[in-house]
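> Provided below: upload13.cif, containing mmCIF, C-alpha atoms.
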```
data_my_file
#
loop_
_atom_site.group_PDB
_atom_site.id
_atom_site.type_symbol
_atom_site.label_atom_id
_atom_site.label_comp_id
_atom_site.auth_asym_id
_atom_site.auth_seq_id
_atom_site.Cartn_x
_atom_site.Cartn_y
_atom_site.Cartn_z
ATOM 1 C CA MET A 1 33.001 -2.784 4.041
ATOM 2 C CA GLU A 2 36.236 -4.029 2.637
ATOM 3 C CA ASN A 3 39.141 -3.723 5.011
ATOM 4 C CA THR A 4 41.872 -2.163 2.918
ATOM 5 C CA HIS A 5 44.147 -0.935 5.668
ATOM 6 C CA SER A 6 47.401 -2.787 5.949
ATOM 7 C CA SER A 7 47.914 -3.268 9.667
ATOM 8 C CA ASP A 8 47.997 -7.032 9.323
ATOM 9 C CA ALA A 9 50.114 -7.171 6.216
ATOM 10 C CA ASN A 10 53.781 -8.095 6.215
ATOM 11 C CA HIS A 11 55.199 -5.794 3.591
ATOM 12 C CA LEU A 12 58.826 -6.799 3.981
ATOM 13 C CA SER A 13 60.829 -9.375 5.933
ATOM 14 C CA ILE A 14 63.093 -8.581 8.917
ATOM 15 C CA LYS A 15 66.133 -9.223 6.703
ATOM 16 C CA GLN A 16 64.874 -6.697 4.143
ATOM 17 C CA TYR A 17 64.279 -4.063 6.841
ATOM 18 C CA LEU A 18 67.815 -4.588 8.159
ATOM 19 C CA LYS A 19 69.216 -4.287 4.620
ATOM 20 C CA ILE A 20 67.353 -0.990 4.189
ATOM 21 C CA GLY A 21 68.781 0.197 7.537
ATOM 22 C CA ALA A 22 72.301 -0.681 6.354
ATOM 23 C CA LEU A 23 71.687 1.150 3.060
ATOM 24 C CA LEU A 24 70.524 4.276 4.932
ATOM 25 C CA THR A 25 73.661 4.141 7.091
ATOM 26 C CA ILE A 26 75.908 3.819 4.018
ATOM 27 C CA ILE A 27 74.206 6.787 2.324
ATOM 28 C CA THR A 28 74.681 8.887 5.502
ATOM 29 C CA ILE A 29 78.397 7.974 5.592
ATOM 30 C CA VAL A 30 78.755 8.887 1.875
ATOM 31 C CA GLU A 31 77.016 12.236 2.593
ATOM 32 C CA LEU A 32 79.425 12.913 5.442
ATOM 33 C CA ILE A 33 82.497 12.056 3.331
ATOM 34 C CA ALA A 34 81.176 14.164 0.424
ATOM 35 C CA SER A 35 80.793 17.194 2.705
ATOM 36 C CA TYR A 36 84.536 17.007 3.580
ATOM 37 C CA VAL A 37 85.830 16.314 0.040
ATOM 38 C CA ALA A 38 86.412 19.259 -2.311
ATOM 39 C CA LEU A 39 83.681 18.509 -4.858
ATOM 40 C CA GLY A 40 83.071 22.133 -5.836
ATOM 41 C CA ALA A 41 79.791 22.795 -7.625
ATOM 42 C CA LEU A 42 78.899 19.091 -7.529
ATOM 43 C CA LEU A 43 78.574 18.995 -3.732
ATOM 44 C CA VAL A 44 75.105 20.551 -3.445
ATOM 45 C CA PRO A 45 73.403 18.356 -6.098
ATOM 46 C CA ILE A 46 75.106 15.231 -4.685
ATOM 47 C CA LEU A 47 73.923 16.004 -1.134
ATOM 48 C CA LEU A 48 70.401 16.796 -2.345
ATOM 49 C CA ILE A 49 70.169 13.571 -4.369
ATOM 50 C CA LEU A 50 71.477 11.403 -1.490
ATOM 51 C CA SER A 51 69.125 13.093 0.969
ATOM 52 C CA ALA A 52 66.183 12.604 -1.420
ATOM 53 C CA ILE A 53 67.045 8.890 -1.767
ATOM 54 C CA LYS A 54 67.031 8.454 2.049
ATOM 55 C CA PHE A 55 63.763 10.398 2.310
ATOM 56 C CA VAL A 56 62.028 8.273 -0.340
ATOM 57 C CA ILE A 57 63.316 4.979 1.142
ATOM 58 C CA VAL A 58 61.988 5.799 4.636
ATOM 59 C CA VAL A 59 58.621 7.049 3.338
ATOM 60 C CA ALA A 60 58.138 4.172 0.874
ATOM 61 C CA TYR A 61 59.349 1.202 2.952
ATOM 62 C CA PHE A 62 59.360 2.170 6.648
ATOM 63 C CA MET A 63 56.136 4.183 6.450
ATOM 64 C CA HIS A 64 54.774 1.617 3.961
ATOM 65 C CA LEU A 65 53.448 4.347 1.677
ATOM 66 C CA ARG A 66 54.429 2.229 -1.355
ATOM 67 C CA PHE A 67 51.922 -0.407 -0.262
ATOM 68 C CA GLU A 68 49.180 1.929 0.981
ATOM 69 C CA HIS A 69 46.067 3.441 -0.630
ATOM 70 C CA ARG A 70 46.934 5.975 -3.368
ATOM 71 C CA LEU A 71 45.037 8.723 -1.560
ATOM 72 C CA LEU A 72 47.573 8.695 1.302
ATOM 73 C CA SER A 73 50.454 9.088 -1.187
ATOM 74 C CA GLN A 74 48.621 11.950 -2.882
ATOM 75 C CA ILE A 75 47.951 13.769 0.418
ATOM 76 C CA PHE A 76 51.575 13.503 1.542
ATOM 77 C CA THR A 77 53.103 14.278 -1.867
ATOM 78 C CA PHE A 78 50.874 17.348 -2.285
ATOM 79 C CA ALA A 79 51.909 18.735 1.123
ATOM 80 C CA PHE A 80 55.582 17.936 0.566
ATOM 81 C CA VAL A 81 55.645 19.600 -2.858
ATOM 82 C CA LEU A 82 53.821 22.619 -1.415
ATOM 83 C CA ALA A 83 56.391 22.869 1.413
ATOM 84 C CA LEU A 84 59.197 22.588 -1.143
ATOM 85 C CA CYS A 85 57.615 25.380 -3.237
ATOM 86 C CA ILE A 86 57.363 27.589 -0.123
ATOM 87 C CA LEU A 87 61.045 26.943 0.628
ATOM 88 C CA LEU A 88 62.159 27.663 -2.944
ATOM 89 C CA ALA A 89 59.931 30.750 -3.264
ATOM 90 C CA LEU A 90 61.128 32.282 0.017
ATOM 91 C CA VAL A 91 64.803 31.553 -0.608
ATOM 92 C CA ALA A 92 64.537 32.890 -4.187
ATOM 93 C CA LEU A 93 62.753 36.005 -2.939
ATOM 94 C CA PHE A 94 65.408 36.812 -0.351
ATOM 95 C CA ILE A 95 68.338 35.995 -2.637
ATOM 96 C CA TYR A 96 66.788 38.241 -5.315
ATOM 97 C CA ASP A 97 66.491 41.096 -2.789
ATOM 98 C CA PRO A 98 68.811 40.444 0.213
ATOM 99 C CA SER A 99 67.966 43.835 1.727
ATOM 100 C CA ILE A 100 64.568 42.431 2.754
ATOM 101 C CA SER A 101 66.134 40.207 5.442
ATOM 102 C CA ASN A 102 68.181 43.104 6.855
ATOM 103 C CA ARG A 103 65.247 45.399 7.504
ATOM 104 C CA MET B 1 38.956 -3.491 13.955
ATOM 105 C CA SER B 2 35.611 -1.704 14.194
ATOM 106 C CA GLU B 3 33.727 -0.968 10.976
ATOM 107 C CA GLN B 4 33.121 2.610 12.175
ATOM 108 C CA ALA B 5 36.847 3.243 12.008
ATOM 109 C CA HIS B 6 36.806 3.068 8.201
ATOM 110 C CA SER B 7 36.118 6.101 6.035
ATOM 111 C CA VAL B 8 34.248 6.007 2.690
ATOM 112 C CA THR B 9 37.627 5.666 0.961
ATOM 113 C CA GLY B 10 38.203 2.315 2.674
ATOM 114 C CA ILE B 11 41.150 3.754 4.593
ATOM 115 C CA ASP B 12 40.993 3.622 8.382
ATOM 116 C CA SER B 13 39.948 7.115 9.536
ATOM 117 C CA ARG B 14 42.622 7.183 12.230
ATOM 118 C CA LYS B 15 45.364 6.381 9.732
ATOM 119 C CA LEU B 16 43.957 8.972 7.308
ATOM 120 C CA LEU B 17 43.980 11.523 10.134
ATOM 121 C CA MET B 18 47.610 10.726 10.965
ATOM 122 C CA TRP B 19 48.665 11.199 7.318
ATOM 123 C CA ILE B 20 46.789 14.514 7.114
ATOM 124 C CA PHE B 21 48.528 15.620 10.331
ATOM 125 C CA LEU B 22 51.924 14.615 8.917
ATOM 126 C CA ALA B 23 51.148 16.478 5.680
ATOM 127 C CA SER B 24 50.345 19.641 7.665
ATOM 128 C CA ASP B 25 53.530 19.169 9.682
ATOM 129 C CA CYS B 26 55.459 19.119 6.373
ATOM 130 C CA LEU B 27 54.328 22.721 5.782
ATOM 131 C CA PHE B 28 55.249 23.649 9.349
ATOM 132 C CA PHE B 29 58.805 22.346 9.038
ATOM 133 C CA GLY B 30 59.031 23.704 5.475
ATOM 134 C CA ALA B 31 58.458 27.209 6.850
ATOM 135 C CA LEU B 32 61.001 26.735 9.689
ATOM 136 C CA ILE B 33 63.691 25.365 7.350
ATOM 137 C CA SER B 34 63.015 28.207 4.857
ATOM 138 C CA THR B 35 63.513 30.760 7.641
ATOM 139 C CA TYR B 36 66.846 29.186 8.571
ATOM 140 C CA MET B 37 68.016 29.075 4.929
ATOM 141 C CA ILE B 38 67.159 32.748 4.448
ATOM 142 C CA PHE B 39 68.923 33.910 7.611
ATOM 143 C CA LYS B 40 71.971 31.665 7.135
ATOM 144 C CA GLY B 41 73.504 34.029 4.573
ATOM 145 C CA ASN B 42 72.543 37.230 6.408
ATOM 146 C CA ILE B 43 74.000 36.867 9.890
ATOM 147 C CA ASN B 44 75.072 40.267 11.223
ATOM 148 C CA ASN B 45 77.215 39.257 14.196
ATOM 149 C CA PRO B 46 79.070 36.166 15.515
ATOM 150 C CA PRO B 47 78.883 33.305 16.360
ATOM 151 C CA TYR B 48 78.424 31.841 12.865
ATOM 152 C CA PRO B 49 77.294 28.324 11.874
ATOM 153 C CA THR B 50 80.384 27.657 9.696
ATOM 154 C CA ASP B 51 83.972 28.971 9.614
ATOM 155 C CA ARG B 52 83.947 32.551 8.376
ATOM 156 C CA ILE B 53 86.351 35.478 7.893
ATOM 157 C CA VAL B 54 84.700 38.842 8.616
ATOM 158 C CA ASN B 55 86.726 42.057 8.193
ATOM 159 C CA GLY B 56 89.968 40.048 8.285
ATOM 160 C CA GLU B 57 89.005 38.278 11.529
ATOM 161 C CA PHE B 58 88.551 34.503 11.540
ATOM 162 C CA PHE B 59 85.532 32.994 13.321
ATOM 163 C CA HIS B 60 85.196 29.266 14.006
ATOM 164 C CA GLY B 61 81.867 27.756 12.950
ATOM 165 C CA LEU B 62 79.692 26.330 15.706
ATOM 166 C CA LEU B 63 78.138 23.404 13.873
ATOM 167 C CA ASN B 64 79.764 20.112 14.830
ATOM 168 C CA ILE B 65 79.222 17.822 11.832
ATOM 169 C CA PRO B 66 80.817 14.604 13.226
ATOM 170 C CA LEU B 67 78.697 14.831 16.405
ATOM 171 C CA THR B 68 75.511 15.508 14.433
ATOM 172 C CA SER B 69 76.337 12.634 12.062
ATOM 173 C CA ALA B 70 76.421 10.357 15.114
ATOM 174 C CA SER B 71 73.043 11.650 16.318
ATOM 175 C CA THR B 72 71.643 11.267 12.772
ATOM 176 C CA PHE B 73 72.820 7.655 12.774
ATOM 177 C CA VAL B 74 71.100 7.123 16.142
ATOM 178 C CA LEU B 75 67.803 8.484 14.789
ATOM 179 C CA LEU B 76 68.081 6.376 11.611
ATOM 180 C CA MET B 77 68.641 3.267 13.729
ATOM 181 C CA SER B 78 65.641 4.204 15.878
ATOM 182 C CA SER B 79 63.556 4.107 12.672
ATOM 183 C CA VAL B 80 64.861 0.601 11.936
ATOM 184 C CA ALA B 81 63.999 -0.419 15.529
ATOM 185 C CA MET B 82 60.513 1.115 15.133
ATOM 186 C CA VAL B 83 59.746 -0.732 11.915
ATOM 187 C CA LEU B 84 60.809 -4.001 13.605
ATOM 188 C CA ALA B 85 58.526 -3.209 16.576
ATOM 189 C CA VAL B 86 55.662 -2.744 14.083
ATOM 190 C CA TYR B 87 56.625 -6.061 12.457
ATOM 191 C CA GLY B 88 56.517 -7.772 15.867
ATOM 192 C CA ALA B 89 53.106 -6.265 16.693
ATOM 193 C CA GLN B 90 51.646 -7.274 13.320
ATOM 194 C CA ASN B 91 52.910 -10.841 13.760
ATOM 195 C CA ASN B 92 51.606 -11.241 17.335
ATOM 196 C CA ASN B 93 55.163 -11.456 18.640
ATOM 197 C CA LEU B 94 54.853 -9.574 21.935
ATOM 198 C CA LYS B 95 58.450 -10.149 22.999
ATOM 199 C CA MET B 96 59.837 -8.848 19.722
ATOM 200 C CA MET B 97 57.523 -5.834 19.780
ATOM 201 C CA LYS B 98 58.464 -4.910 23.372
ATOM 202 C CA GLY B 99 62.194 -5.352 22.748
ATOM 203 C CA TRP B 100 62.300 -3.148 19.642
ATOM 204 C CA LEU B 101 59.942 -0.607 21.196
ATOM 205 C CA ILE B 102 62.313 -0.262 24.178
ATOM 206 C CA SER B 103 65.217 0.100 21.703
ATOM 207 C CA THR B 104 63.350 2.828 19.803
ATOM 208 C CA ILE B 105 62.610 4.716 23.026
ATOM 209 C CA GLY B 106 66.243 4.383 24.169
ATOM 210 C CA LEU B 107 67.598 5.635 20.834
ATOM 211 C CA GLY B 108 65.079 8.508 20.848
ATOM 212 C CA ILE B 109 66.214 9.575 24.330
ATOM 213 C CA PHE B 110 69.848 9.234 23.216
ATOM 214 C CA PHE B 111 69.112 11.574 20.262
ATOM 215 C CA LEU B 112 67.514 14.095 22.641
ATOM 216 C CA LEU B 113 70.616 13.955 24.879
ATOM 217 C CA PHE B 114 72.749 14.749 21.821
ATOM 218 C CA GLN B 115 70.534 17.759 21.197
ATOM 219 C CA VAL B 116 70.732 18.922 24.829
ATOM 220 C CA TYR B 117 74.542 18.653 24.641
ATOM 221 C CA GLU B 118 74.602 20.648 21.388
ATOM 222 C CA PHE B 119 72.332 23.375 22.787
ATOM 223 C CA ARG B 120 74.398 23.656 25.976
ATOM 224 C CA HIS B 121 77.614 23.849 23.935
ATOM 225 C CA PHE B 122 76.173 26.578 21.706
ATOM 226 C CA LEU B 123 74.987 28.559 24.757
ATOM 227 C CA HIS B 124 78.454 28.204 26.259
ATOM 228 C CA GLU B 125 79.917 29.578 23.003
ATOM 229 C CA GLY B 126 77.676 32.632 23.323
ATOM 230 C CA LEU B 127 74.821 31.725 20.982
ATOM 231 C CA GLY B 128 71.483 32.523 22.615
ATOM 232 C CA ILE B 129 68.101 32.526 20.882
ATOM 233 C CA SER B 130 68.275 36.330 20.510
ATOM 234 C CA THR B 131 72.026 36.652 19.776
ATOM 235 C CA ASN B 132 71.617 36.761 15.995
ATOM 236 C CA GLN B 133 69.541 35.411 13.088
ATOM 237 C CA PHE B 134 71.396 32.092 13.241
ATOM 238 C CA GLY B 135 70.523 31.548 16.922
ATOM 239 C CA ALA B 136 66.871 32.493 16.492
ATOM 240 C CA SER B 137 66.193 30.318 13.441
ATOM 241 C CA PHE B 138 68.430 27.403 14.539
ATOM 242 C CA TYR B 139 66.975 27.014 18.054
ATOM 243 C CA LEU B 140 63.421 27.407 16.733
ATOM 244 C CA MET B 141 63.814 24.788 14.002
ATOM 245 C CA THR B 142 65.862 22.151 15.852
ATOM 246 C CA GLY B 143 63.976 22.863 19.089
ATOM 247 C CA PHE B 144 60.627 22.114 17.448
ATOM 248 C CA HIS B 145 62.088 18.970 15.941
ATOM 249 C CA GLY B 146 63.325 17.975 19.415
ATOM 250 C CA VAL B 147 59.829 18.588 20.816
ATOM 251 C CA HIS B 148 58.461 16.244 18.134
ATOM 252 C CA VAL B 149 60.987 13.570 19.149
ATOM 253 C CA GLY B 150 60.057 14.100 22.823
ATOM 254 C CA ILE B 151 56.335 13.699 22.061
ATOM 255 C CA GLY B 152 57.164 10.557 20.060
ATOM 256 C CA VAL B 153 59.075 9.107 23.021
ATOM 257 C CA ILE B 154 56.112 9.821 25.338
ATOM 258 C CA ILE B 155 53.676 8.135 22.897
ATOM 259 C CA LEU B 156 55.920 5.061 22.614
ATOM 260 C CA ILE B 157 56.377 4.835 26.405
ATOM 261 C CA SER B 158 52.585 4.967 26.894
ATOM 262 C CA LEU B 159 52.117 2.191 24.299
ATOM 263 C CA LEU B 160 54.824 0.123 25.996
ATOM 264 C CA PHE B 161 53.184 0.532 29.417
ATOM 265 C CA GLY B 162 49.868 -0.566 27.866
ATOM 266 C CA THR B 163 51.394 -3.829 26.631
ATOM 267 C CA PHE B 164 53.178 -4.427 29.967
ATOM 268 C CA ARG B 165 49.877 -3.894 31.834
ATOM 269 C CA ARG B 166 47.928 -6.327 29.639
ATOM 270 C CA ASN B 167 50.942 -8.577 28.990
ATOM 271 C CA SER B 168 49.367 -9.376 25.635
ATOM 272 C CA LEU B 169 48.610 -7.722 22.328
ATOM 273 C CA GLY B 170 45.196 -6.054 22.344
ATOM 274 C CA PRO B 171 42.903 -6.103 19.267
ATOM 275 C CA ASP B 172 44.184 -2.718 18.053
ATOM 276 C CA THR B 173 47.746 -2.809 19.429
ATOM 277 C CA GLY B 174 49.287 -3.543 16.013
ATOM 278 C CA PHE B 175 47.388 -0.632 14.515
ATOM 279 C CA HIS B 176 48.366 1.750 17.339
ATOM 280 C CA ILE B 177 52.035 0.766 17.054
ATOM 281 C CA GLU B 178 51.886 1.199 13.264
ATOM 282 C CA THR B 179 50.321 4.674 13.581
ATOM 283 C CA ALA B 180 52.873 5.726 16.214
ATOM 284 C CA GLY B 181 55.534 4.361 13.841
ATOM 285 C CA LEU B 182 54.291 6.676 11.068
ATOM 286 C CA TYR B 183 54.836 9.645 13.379
ATOM 287 C CA TRP B 184 58.273 8.370 14.413
ATOM 288 C CA HIS B 185 59.451 7.836 10.809
ATOM 289 C CA PHE B 186 58.179 11.306 9.900
ATOM 290 C CA VAL B 187 60.356 12.799 12.646
ATOM 291 C CA ASP B 188 63.239 10.847 11.095
ATOM 292 C CA ILE B 189 62.658 12.145 7.545
ATOM 293 C CA VAL B 190 62.432 15.722 8.822
ATOM 294 C CA TRP B 191 65.857 15.217 10.409
ATOM 295 C CA ILE B 192 67.204 13.786 7.120
ATOM 296 C CA VAL B 193 66.274 17.104 5.465
ATOM 297 C CA ILE B 194 67.566 19.257 8.369
ATOM 298 C CA PHE B 195 70.865 17.334 8.521
ATOM 299 C CA THR B 196 71.518 17.893 4.816
ATOM 300 C CA LEU B 197 70.325 21.491 4.472
ATOM 301 C CA VAL B 198 71.534 22.835 7.819
ATOM 302 C CA TYR B 199 74.659 20.844 8.657
ATOM 303 C CA LEU B 200 76.140 19.559 5.395
ATOM 304 C CA MET B 201 75.266 22.302 2.894
ATOM 305 C CA PRO B 202 78.156 24.745 2.513
ATOM 306 C CA TYR B 203 75.849 27.709 1.778
#
```
Output the structure of this file as structure tokens.


Amino acid sequence: MENTHSSDANHLSIKQYLKIGALLTIITIVELIASYVALGALLVPILLILSAIKFVIVVAYFMHLRFEHRLLSQIFTFAFVLALCILLALVALFIYDPSISNR
Amino acid sequence: MSEQAHSVTGIDSRKLLMWIFLASDCLFFGALISTYMIFKGNINNPPYPTDRIVNGEFFHGLLNIPLTSASTFVLLMSSVAMVLAVYGAQNNNLKMMKGWLISTIGLGIFFLLFQVYEFRHFLHEGLGISTNQFGASFYLMTGFHGVHVGIGVIILISLLFGTFRRNSLGPDTGFHIETAGLYWHFVDIVWIVIFTLVYLMPY
């Protein structure tokens, strides 16, 4: 059987991992600054986009999902999208009828 | 690596199992974060997560964003340390693997200490798990995340002891470190979401 798992593979170099770490730190600092600056309606989308970028970077490069079998990406993406739908559905439900949470 | 460890897809069964577990954990944390988001806007009595004026009275928010930013940075750096430990294990560099594994464990414990400090501070400010909706959902969500970090630290310590006992890399050590790394990075991405939605979001 063909060995397709990637335990022995070097996906990135040490320098590249450190660069990714620095990028994640910079994004976190930008998030922190954004939360203190009066950005009005732009704040929420900016924070969500920055958070999504960090999330994707860690999953793709630290968890090596970018280099793994497609099935693993599909399993994780399906569960993540489902969790996101649950979050959006529940929040929408309770915002639509706030009295539900006060019962 | 044993042939039996591979599934019909060609993916190692143990790795497949870890990804399925992480996928199920996504739903678990999704539900906990949803609960917090719902209750955040419907808190009946103080203390509140953010500064709030209720009936003309001002209440200071409990969430300490600078402190949590520091703990977020610590967890992010632990992910960098973890990926370097995996790199060391996959390149038969025992010294590198041990060094970064110890760093990951240290940073993980440091993150847990941050969380203990935060919990103690909140309790001191009068926020118990049954004080209000904020307390119940906050302690449940961040507490479960902390438990995940704690379990991760225990797994990494056991792997580290294994390498110290053998003083060499076993046939599957690289794979075990990589799989433990998947779990550790998952704990990190959950915190990325919690940090943004719970601490930074104004609503």

> With all atoms listed in the file as the basis for distance, which of B:Gly170, B:Pro66, B:Gly143, B:Pro47 is at the shortest distance from chain A?

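Comparing B:Gly170, B:Pro66, B:Gly143, B:Pro47 against chain A, the winner is B:Pro66.
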
> Evaluating the PyMOL selection byres ((chain A and resi 87) around 12) on the displayed file yields which residues, as an mmCIF file with C-alpha atoms, keeping the file's coordinate frame?


```cif
data_model
loop_
_atom_site.group_PDB
_atom_site.id
_atom_site.type_symbol
_atom_site.label_atom_id
_atom_site.label_comp_id
_atom_site.auth_asym_id
_atom_site.auth_seq_id
_atom_site.Cartn_x
_atom_site.Cartn_y
_atom_site.Cartn_z
ATOM 1 C CA PHE A 80 55.582 17.936 0.566
ATOM 2 C CA VAL A 81 55.645 19.600 -2.858
ATOM 3 C CA LEU A 82 53.821 22.619 -1.415
ATOM 4 C CA ALA A 83 56.391 22.869 1.413
ATOM 5 C CA LEU A 84 59.197 22.588 -1.143
ATOM 6 C CA CYS A 85 57.615 25.380 -3.237
ATOM 7 C CA ILE A 86 57.363 27.589 -0.123
ATOM 8 C CA LEU A 88 62.159 27.663 -2.944
ATOM 9 C CA ALA A 89 59.931 30.750 -3.264
ATOM 10 C CA LEU A 90 61.128 32.282 0.017
ATOM 11 C CA VAL A 91 64.803 31.553 -0.608
ATOM 12 C CA ALA A 92 64.537 32.890 -4.187
ATOM 13 C CA LEU A 93 62.753 36.005 -2.939
ATOM 14 C CA PHE A 94 65.408 36.812 -0.351
ATOM 15 C CA CYS B 26 55.459 19.119 6.373
ATOM 16 C CA LEU B 27 54.328 22.721 5.782
ATOM 17 C CA PHE B 28 55.249 23.649 9.349
ATOM 18 C CA PHE B 29 58.805 22.346 9.038
ATOM 19 C CA GLY B 30 59.031 23.704 5.475
ATOM 20 C CA ALA B 31 58.458 27.209 6.850
ATOM 21 C CA LEU B 32 61.001 26.735 9.689
ATOM 22 C CA ILE B 33 63.691 25.365 7.350
ATOM 23 C CA SER B 34 63.015 28.207 4.857
ATOM 24 C CA THR B 35 63.513 30.760 7.641
ATOM 25 C CA TYR B 36 66.846 29.186 8.571
ATOM 26 C CA MET B 37 68.016 29.075 4.929
ATOM 27 C CA ILE B 38 67.159 32.748 4.448
ATOM 28 C CA LEU B 197 70.325 21.491 4.472
#
```

> For a quick check of understanding, using only C-alpha atoms, which of B:Ser158, B:Asn42, B:Gln115, B:Asn93 has the smallest distance to chain A?

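The closest residue to chain A is B:Asn42.
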
> Could you write out as a VMD selection string the residues that the PyMOL selection byres ((chain B and resi 147-153) around 12) matches in the shown file?

chain B and resid 22 25 28 to 29 75 78 to 79 82 101 to 113 115 to 116 139 to 146 154 to 160 177 179 to 191

> Residues of the last selection are to be written out with C-alpha atoms, as a compact mmCIF listing (two decimals), in the coordinates of the input.


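Done, and the output landed in out_30.txt:
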```
# COMPACT_ATOMS: atom_id res chain seq x y z
CA LEU B 22 51.92 14.62 8.92
CA ASP B 25 53.53 19.17 9.68
CA PHE B 28 55.25 23.65 9.35
CA PHE B 29 58.80 22.35 9.04
CA LEU B 75 67.80 8.48 14.79
CA SER B 78 65.64 4.20 15.88
CA SER B 79 63.56 4.11 12.67
CA MET B 82 60.51 1.12 15.13
CA LEU B 101 59.94 -0.61 21.20
CA ILE B 102 62.31 -0.26 24.18
CA SER B 103 65.22 0.10 21.70
CA THR B 104 63.35 2.83 19.80
CA ILE B 105 62.61 4.72 23.03
CA GLY B 106 66.24 4.38 24.17
CA LEU B 107 67.60 5.64 20.83
CA GLY B 108 65.08 8.51 20.85
CA ILE B 109 66.21 9.57 24.33
CA PHE B 110 69.85 9.23 23.22
CA PHE B 111 69.11 11.57 20.26
CA LEU B 112 67.51 14.10 22.64
CA LEU B 113 70.62 13.96 24.88
CA GLN B 115 70.53 17.76 21.20
CA VAL B 116 70.73 18.92 24.83
CA TYR B 139 66.97 27.01 18.05
CA LEU B 140 63.42 27.41 16.73
CA MET B 141 63.81 24.79 14.00
CA THR B 142 65.86 22.15 15.85
CA GLY B 143 63.98 22.86 19.09
CA PHE B 144 60.63 22.11 17.45
CA HIS B 145 62.09 18.97 15.94
CA GLY B 146 63.32 17.98 19.42
CA ILE B 154 56.11 9.82 25.34
CA ILE B 155 53.68 8.14 22.90
CA LEU B 156 55.92 5.06 22.61
CA ILE B 157 56.38 4.84 26.40
CA SER B 158 52.58 4.97 26.89
CA LEU B 159 52.12 2.19 24.30
CA LEU B 160 54.82 0.12 26.00
CA ILE B 177 52.04 0.77 17.05
CA THR B 179 50.32 4.67 13.58
CA ALA B 180 52.87 5.73 16.21
CA GLY B 181 55.53 4.36 13.84
CA LEU B 182 54.29 6.68 11.07
CA TYR B 183 54.84 9.64 13.38
CA TRP B 184 58.27 8.37 14.41
CA HIS B 185 59.45 7.84 10.81
CA PHE B 186 58.18 11.31 9.90
CA VAL B 187 60.36 12.80 12.65
CA ASP B 188 63.24 10.85 11.10
CA ILE B 189 62.66 12.14 7.54
CA VAL B 190 62.43 15.72 8.82
CA TRP B 191 65.86 15.22 10.41
```

> Under the rule that only C-alpha atoms are counted, which of A:Ile20, A:Ile14, A:Leu47, A:Ser35 is the nearest residue to Ala60 (chain A)?

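Counting only C-alpha atoms, the residue closest to Ala60 (chain A) is A:Ile20.
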
> One decimal, Å: what's the distance from CA of Ile192 (chain B) over to CA of Met18 (chain B), could you say?

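Result for CA of Ile192 (chain B) versus CA of Met18 (chain B): 20.2 Å, one decimal.
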
> Show me, as a list in words, the residues that have an atom within 7 Å of region 120-135 of chain B when counting all atoms listed in the file, minus same-chain residues fewer than 6 positions from it.

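Skipping anything fewer than 6 positions along the chain leaves Phe39, Lys40, Ile43, Asn44, Asn45, Pro47 and Leu62 of chain B.
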
> Include C-alpha atoms and write out the residues we just selected as a PDB file, in the coordinates of the input.


```pdb
ATOM      1  CA  PHE B  39      68.923  33.910   7.611  1.00  0.00           C
ATOM      2  CA  LYS B  40      71.971  31.665   7.135  1.00  0.00           C
ATOM      3  CA  ILE B  43      74.000  36.867   9.890  1.00  0.00           C
ATOM      4  CA  ASN B  44      75.072  40.267  11.223  1.00  0.00           C
ATOM      5  CA  ASN B  45      77.215  39.257  14.196  1.00  0.00           C
ATOM      6  CA  PRO B  47      78.883  33.305  16.360  1.00  0.00           C
ATOM      7  CA  LEU B  62      79.692  26.330  15.706  1.00  0.00           C
TER       8      LEU B  62
END
```

> Rank B:Val80, B:Leu94, B:Ile53, B:Leu67 by their smallest atom-to-atom distance to chain A, using all atoms listed in the file, and report the top residue only.

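The shortest atom-to-atom distance to chain A comes from B:Val80.
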
> What's around Pro202 (chain B) at 10 Å? Count only C-alpha atoms, leave out sequence neighbours fewer than 2 positions away in its own chain, and write the answer as a PyMOL selection string.

(chain A and resi 35+43-44) or (chain B and resi 50+196-200)

> Please report the interatomic distance between CA of Pro45 (chain A) and CA of Val58 (chain A) in Å with one decimal.

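According to the coordinates, CA of Pro45 (chain A) and CA of Val58 (chain A) are separated by 20.1 Å.
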
> Which residue is closest to chain B? Choose from A:Ala79, A:Val56, A:Ile27, A:Leu71 and count all atoms listed in the file.

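Of all the options, A:Ala79 lies closest to chain B.
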
> Once 4 Å is added on each side, what centre and edge lengths in Å to one decimal does the axis-aligned box around all listed atoms of region 11-19 of chain B have, as AutoDock Vina command-line options?


```
--center_x 44.3 --center_y 7.6 --center_z 8.4 --size_x 16.7 --size_y 15.9 --size_z 15.6
```

> Quick check on the file I pasted: which residues fall under the PyMOL selection byres ((chain A and resi 51) around 9)? Write them as an mmCIF file with C-alpha atoms, in the coordinates of the input.


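Final output, expr_27.cif:
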```cif
data_model
loop_
_atom_site.group_PDB
_atom_site.id
_atom_site.type_symbol
_atom_site.label_atom_id
_atom_site.label_comp_id
_atom_site.auth_asym_id
_atom_site.auth_seq_id
_atom_site.Cartn_x
_atom_site.Cartn_y
_atom_site.Cartn_z
ATOM 1 C CA ILE A 27 74.206 6.787 2.324
ATOM 2 C CA THR A 28 74.681 8.887 5.502
ATOM 3 C CA GLU A 31 77.016 12.236 2.593
ATOM 4 C CA ILE A 46 75.106 15.231 -4.685
ATOM 5 C CA LEU A 47 73.923 16.004 -1.134
ATOM 6 C CA LEU A 48 70.401 16.796 -2.345
ATOM 7 C CA ILE A 49 70.169 13.571 -4.369
ATOM 8 C CA LEU A 50 71.477 11.403 -1.490
ATOM 9 C CA ALA A 52 66.183 12.604 -1.420
ATOM 10 C CA ILE A 53 67.045 8.890 -1.767
ATOM 11 C CA LYS A 54 67.031 8.454 2.049
ATOM 12 C CA PHE A 55 63.763 10.398 2.310
ATOM 13 C CA VAL A 56 62.028 8.273 -0.340
ATOM 14 C CA ILE B 192 67.204 13.786 7.120
ATOM 15 C CA VAL B 193 66.274 17.104 5.465
ATOM 16 C CA PHE B 195 70.865 17.334 8.521
ATOM 17 C CA THR B 196 71.518 17.893 4.816
#
```
